Amino acid sequence: MKSVVDPNSIQFRLTVGMILASTLGISGFTGWINLRMRQILVESHKDNALMIADRLEQDAGLYEESMIVKEAVYMAIDYREQPDIAIWVESADGTLLAESNTLSMGSWQVNGFAKKLMTEVANRPGLEVFELQNRHLVTCSSQLKIDDQVIGQLYVVDDITEDHESLNRITRTLALSSLLAICVGAIATSLYIRRSLHPIRKMSRLAGDISANNLADTRLEFDKAPTEVQELAQTCNMMISRLSAAWDQQRRFVSDVSHELRTPLTLVHGYLQSTLRRSSNLTDPQKEGLEIAASEANRTIRLLQDLLDLARADGGHMRFNIEREPLQEVVKEVLETCNYVSGRIQPELTPVTALADRSRLKQVLINLIDNALKYSPDDRPIIVKLKPVGNYAYIEIKDKGRGIPLSDLTKIFDPFFRVDEDRSRATGGTGLGLSIVKTLVEGMNGTLKVQSKLGEGSVFTVALPIEKAKAQRL
Ligand code: ADP
């Protein structure tokens, strides 16, 4: 089975590309939002601290008209203080003039926080954001003037830790939702790409099924597929048409050449035979020469006839006269002829009627029995079995010869293929016999199978359908 994830596939590359792009997009957007939120938070607190410093100065100016300066400053601080905001005023020599109640509250006193804060802030003039004891603070330091007189240094410190933590929580939620969105997006993208590539897979399957036999009738149709796939299918169809035309041309050429050569060769063969029969004054070497010429002419005529049969069958020009035939009778007729020559055939026939072309079936059986006789020793029997199996009639031709190597089993049906051992043999056929047998059997809607074991023998099985409607492939 193919591995589920193929790093070389378009599906994998597109999916990874889309996931990377969406990860970058989503995380970039989330990061930007987070940054902006932090900036807005800090800016708003800075504005607030500045505003408190400004207003406090105005308030203290107003109160000073009816009370002493120190009290006026305290009143102004009291008015402006909030739980998260600490305010104090120091004189030029560092003495604390006034402070808000918040500085003495529990949360500002933990670990001497208020003291450390005062020392730290003294070194940070103006508006600043900093961290102290894990607390985030915005500080604003400015001179406090009442009636143009400098009273001291005013410090406003805003504790933004809580807002900061809320922001962190929002950031975490955003990151989690982004991750979820990326995962859902990845699954959806993968499914979408898979769906989009479906026509290409279908096309590859269809192209894989094309063979010389169905070349002429095969067309790749993809009406609803994407434009690129339709274009590819069109190009493939044009290529198939060209291949089919070339294939037809080659078949016609073989058929024409075989036909043209067979007629004169038959004449030559006839002339050689009659010369051999009639001439009584030939010397032995002359006679031997003429016999060799006649036998070679005969072999070539058979080869041409085989080629002609193959070309006709491949081109669909061979007509089959398929009828319901009692196969035991057909097989018996063939065996009578063959046994007359060899006497080695043992029939095991169960009567069965099947759909077949009588004369083509005889041609098939003669070829297979001839091979069994040729490729097994003279003292071994050939078993010919006829039996019904399901919706088929099986005819088995079993020999106890040398068998066929496993690597050649699929090739023996190819035209001109002969097992190595037989290529060098002067006797034997042309290597076309089994191609013709297969073509004829398939022309009768049957199948041909072979089983073989080296040194033990071979079984060729012809399966012919018993009834038209019920016929299924072997
Ligand atoms: P040929 O004319 O050479 O017999 P075929 O097409 O009939 O050609 O067979 C192809 C090859 O398959 C043969 O050359 C032979 O090597 C092998 N073959 C066919 N039938 C048998 C068999 N019964 N036993 C062993 N080998 C066989």
# chains A, B, ... in the order shown; residues from 1 in each chain; ligands from 1

$ residues_around --residues "Glu120 in chain A" --least-positions-apart "5" --cutoff "10 Å" --atoms "only C-alpha atoms" --output "list in words"
Ala114, Lys115, Phe130 and Leu132 of chain A

$ write_last_selection --atoms "N, CA, C and O atoms" --output "PDB file, in the first residue's frame"
ATOM      1  N   ALA A 114       6.569  50.466  48.989  1.00  0.00           N
ATOM      2  CA  ALA A 114       6.399  51.923  48.899  1.00  0.00           C
ATOM      3  C   ALA A 114       7.742  52.643  48.994  1.00  0.00           C
ATOM      4  O   ALA A 114       8.035  53.560  48.219  1.00  0.00           O
ATOM      5  N   LYS A 115       8.597  52.174  49.906  1.00  0.00           N
ATOM      6  CA  LYS A 115       9.906  52.822  50.107  1.00  0.00           C
ATOM      7  C   LYS A 115      10.769  52.691  48.873  1.00  0.00           C
ATOM      8  O   LYS A 115      11.346  53.655  48.364  1.00  0.00           O
ATOM      9  N   PHE A 130       7.967  51.266  33.947  1.00  0.00           N
ATOM     10  CA  PHE A 130       9.007  50.345  34.422  1.00  0.00           C
ATOM     11  C   PHE A 130       8.392  49.261  35.300  1.00  0.00           C
ATOM     12  O   PHE A 130       7.202  49.314  35.636  1.00  0.00           O
ATOM     13  N   LEU A 132       8.796  46.945  38.834  1.00  0.00           N
ATOM     14  CA  LEU A 132       9.442  46.841  40.151  1.00  0.00           C
ATOM     15  C   LEU A 132       8.724  45.741  40.914  1.00  0.00           C
ATOM     16  O   LEU A 132       7.499  45.772  41.048  1.00  0.00           O
TER      17      LEU A 132
END

$ residues_near_ligand --ligand "ligand 1" --cutoff "6 Å" --atoms "only C-alpha atoms and all ligand atoms" --output "MDAnalysis selection string"
chainID A and resid 371:372 375 403:404 412 417:419 422 428:435 458

$ select_by_dssp --residues "range 335-390 of chain A" --states "strand (DSSP E or B)" --output "PDB file with N, CA, C and O atoms, in the first residue's frame"
ATOM      1  N   ILE A 345      -2.582 -38.579 -25.181  1.00  0.00           N
ATOM      2  CA  ILE A 345      -3.561 -37.711 -24.505  1.00  0.00           C
ATOM      3  C   ILE A 345      -4.590 -38.519 -23.714  1.00  0.00           C
ATOM      4  O   ILE A 345      -5.150 -39.486 -24.223  1.00  0.00           O
ATOM      5  N   GLN A 346      -4.801 -38.094 -22.446  1.00  0.00           N
ATOM      6  CA  GLN A 346      -5.782 -38.767 -21.602  1.00  0.00           C
ATOM      7  C   GLN A 346      -6.926 -37.792 -21.321  1.00  0.00           C
ATOM      8  O   GLN A 346      -6.739 -36.822 -20.606  1.00  0.00           O
ATOM      9  N   PRO A 347      -8.118 -38.044 -21.890  1.00  0.00           N
ATOM     10  CA  PRO A 347      -9.227 -37.109 -21.657  1.00  0.00           C
ATOM     11  C   PRO A 347      -9.987 -37.412 -20.356  1.00  0.00           C
ATOM     12  O   PRO A 347     -10.091 -38.566 -19.958  1.00  0.00           O
ATOM     13  N   GLU A 348     -10.467 -36.359 -19.678  1.00  0.00           N
ATOM     14  CA  GLU A 348     -11.349 -36.495 -18.510  1.00  0.00           C
ATOM     15  C   GLU A 348     -12.462 -35.473 -18.740  1.00  0.00           C
ATOM     16  O   GLU A 348     -12.358 -34.332 -18.325  1.00  0.00           O
ATOM     17  N   LEU A 349     -13.520 -35.914 -19.451  1.00  0.00           N
ATOM     18  CA  LEU A 349     -14.507 -34.936 -19.919  1.00  0.00           C
ATOM     19  C   LEU A 349     -15.853 -35.059 -19.212  1.00  0.00           C
ATOM     20  O   LEU A 349     -16.445 -36.128 -19.182  1.00  0.00           O
ATOM     21  N   THR A 353     -22.194 -27.496 -21.820  1.00  0.00           N
ATOM     22  CA  THR A 353     -22.452 -26.661 -22.993  1.00  0.00           C
ATOM     23  C   THR A 353     -22.047 -25.222 -22.658  1.00  0.00           C
ATOM     24  O   THR A 353     -22.342 -24.739 -21.570  1.00  0.00           O
ATOM     25  N   ALA A 354     -21.328 -24.575 -23.578  1.00  0.00           N
ATOM     26  CA  ALA A 354     -20.901 -23.184 -23.311  1.00  0.00           C
ATOM     27  C   ALA A 354     -20.944 -22.380 -24.596  1.00  0.00           C
ATOM     28  O   ALA A 354     -21.136 -22.933 -25.688  1.00  0.00           O
ATOM     29  N   LEU A 355     -20.767 -21.078 -24.455  1.00  0.00           N
ATOM     30  CA  LEU A 355     -20.808 -20.198 -25.626  1.00  0.00           C
ATOM     31  C   LEU A 355     -19.424 -20.144 -26.263  1.00  0.00           C
ATOM     32  O   LEU A 355     -18.462 -19.727 -25.621  1.00  0.00           O
ATOM     33  N   ALA A 356     -19.334 -20.580 -27.534  1.00  0.00           N
ATOM     34  CA  ALA A 356     -18.013 -20.602 -28.177  1.00  0.00           C
ATOM     35  C   ALA A 356     -18.168 -20.611 -29.697  1.00  0.00           C
ATOM     36  O   ALA A 356     -19.239 -20.927 -30.220  1.00  0.00           O
ATOM     37  N   ILE A 382      -0.525 -36.356 -21.535  1.00  0.00           N
ATOM     38  CA  ILE A 382      -1.102 -34.998 -21.505  1.00  0.00           C
ATOM     39  C   ILE A 382      -2.556 -35.200 -21.045  1.00  0.00           C
ATOM     40  O   ILE A 382      -3.272 -36.004 -21.646  1.00  0.00           O
ATOM     41  N   ILE A 383      -2.949 -34.505 -19.970  1.00  0.00           N
ATOM     42  CA  ILE A 383      -4.331 -34.681 -19.480  1.00  0.00           C
ATOM     43  C   ILE A 383      -5.181 -33.497 -19.952  1.00  0.00           C
ATOM     44  O   ILE A 383      -4.820 -32.337 -19.732  1.00  0.00           O
ATOM     45  N   VAL A 384      -6.296 -33.819 -20.625  1.00  0.00           N
ATOM     46  CA  VAL A 384      -7.219 -32.761 -21.063  1.00  0.00           C
ATOM     47  C   VAL A 384      -8.519 -32.935 -20.284  1.00  0.00           C
ATOM     48  O   VAL A 384      -9.167 -33.973 -20.377  1.00  0.00           O
ATOM     49  N   LYS A 385      -8.847 -31.910 -19.459  1.00  0.00           N
ATOM     50  CA  LYS A 385     -10.018 -32.001 -18.578  1.00  0.00           C
ATOM     51  C   LYS A 385     -11.065 -31.003 -19.035  1.00  0.00           C
ATOM     52  O   LYS A 385     -10.728 -29.865 -19.391  1.00  0.00           O
ATOM     53  N   LEU A 386     -12.348 -31.414 -18.995  1.00  0.00           N
ATOM     54  CA  LEU A 386     -13.442 -30.470 -19.262  1.00  0.00           C
ATOM     55  C   LEU A 386     -14.396 -30.557 -18.083  1.00  0.00           C
ATOM     56  O   LEU A 386     -14.807 -31.649 -17.697  1.00  0.00           O
ATOM     57  N   LYS A 387     -14.712 -29.414 -17.477  1.00  0.00           N
ATOM     58  CA  LYS A 387     -15.623 -29.443 -16.310  1.00  0.00           C
ATOM     59  C   LYS A 387     -16.299 -28.086 -16.147  1.00  0.00           C
ATOM     60  O   LYS A 387     -15.724 -27.059 -16.525  1.00  0.00           O
ATOM     61  N   PRO A 388     -17.521 -28.083 -15.587  1.00  0.00           N
ATOM     62  CA  PRO A 388     -18.151 -26.781 -15.307  1.00  0.00           C
ATOM     63  C   PRO A 388     -17.676 -26.254 -13.945  1.00  0.00           C
ATOM     64  O   PRO A 388     -17.562 -27.023 -13.002  1.00  0.00           O
ATOM     65  N   VAL A 389     -17.372 -24.976 -13.882  1.00  0.00           N
ATOM     66  CA  VAL A 389     -17.002 -24.328 -12.609  1.00  0.00           C
ATOM     67  C   VAL A 389     -17.774 -23.008 -12.543  1.00  0.00           C
ATOM     68  O   VAL A 389     -17.474 -22.070 -13.276  1.00  0.00           O
TER      69      VAL A 389
END

$ closest_atom_pairs --of "range 185-269 of chain A" --to "range 299-312 of chain A" --cutoff "6 Å" --atoms "only C-alpha atoms" --output "Markdown table"
| residue | atom | partner | partner_atom | distance |
| --- | --- | --- | --- | --- |
| A:Arg251 | CA | A:Ala311 | CA | 5.4 |
| A:Ser255 | CA | A:Leu308 | CA | 5.1 |
| A:Ser258 | CA | A:Leu304 | CA | 5.0 |
| A:Arg262 | CA | A:Ile301 | CA | 5.8 |

$ write_last_selection --atoms "N, CA, C and O atoms" --output "PDB file, in the first residue's frame"
ATOM      1  N   ARG A 251      -0.787  -2.193 -37.736  1.00  0.00           N
ATOM      2  CA  ARG A 251      -1.546  -3.430 -37.903  1.00  0.00           C
ATOM      3  C   ARG A 251      -1.883  -3.666 -39.369  1.00  0.00           C
ATOM      4  O   ARG A 251      -1.721  -4.766 -39.903  1.00  0.00           O
ATOM      5  N   SER A 255      -0.668  -6.706 -41.684  1.00  0.00           N
ATOM      6  CA  SER A 255      -1.674  -7.516 -42.360  1.00  0.00           C
ATOM      7  C   SER A 255      -1.436  -7.513 -43.876  1.00  0.00           C
ATOM      8  O   SER A 255      -1.452  -8.563 -44.525  1.00  0.00           O
ATOM      9  N   SER A 258       1.817  -9.469 -44.746  1.00  0.00           N
ATOM     10  CA  SER A 258       1.617 -10.915 -44.590  1.00  0.00           C
ATOM     11  C   SER A 258       0.799 -11.454 -45.755  1.00  0.00           C
ATOM     12  O   SER A 258       1.127 -12.496 -46.345  1.00  0.00           O
ATOM     13  N   ARG A 262       2.187 -14.093 -48.470  1.00  0.00           N
ATOM     14  CA  ARG A 262       1.662 -15.452 -48.327  1.00  0.00           C
ATOM     15  C   ARG A 262       1.287 -16.053 -49.693  1.00  0.00           C
ATOM     16  O   ARG A 262       1.609 -17.206 -49.994  1.00  0.00           O
TER      17      ARG A 262
END

$ select_by_dssp --residues "range 8-119 of chain A" --states "alpha helix (DSSP H)" --output "PyMOL selection string"
chain A and resi 10-64+69-80+106-109+113-119

$ closest_residue --among "A:Gly457, A:Ser196, A:Glu467, A:Ser295" --to "Glu228 in chain A" --atoms "only C-alpha atoms"
A:Ser196

$ residues_around --residues "range 27-37 of chain A" --least-positions-apart "4" --cutoff "9 Å" --atoms "only C-alpha atoms" --output "PyMOL selection string"
chain A and resi 22-23+41-42+167-168+170-171+174-175+178-179
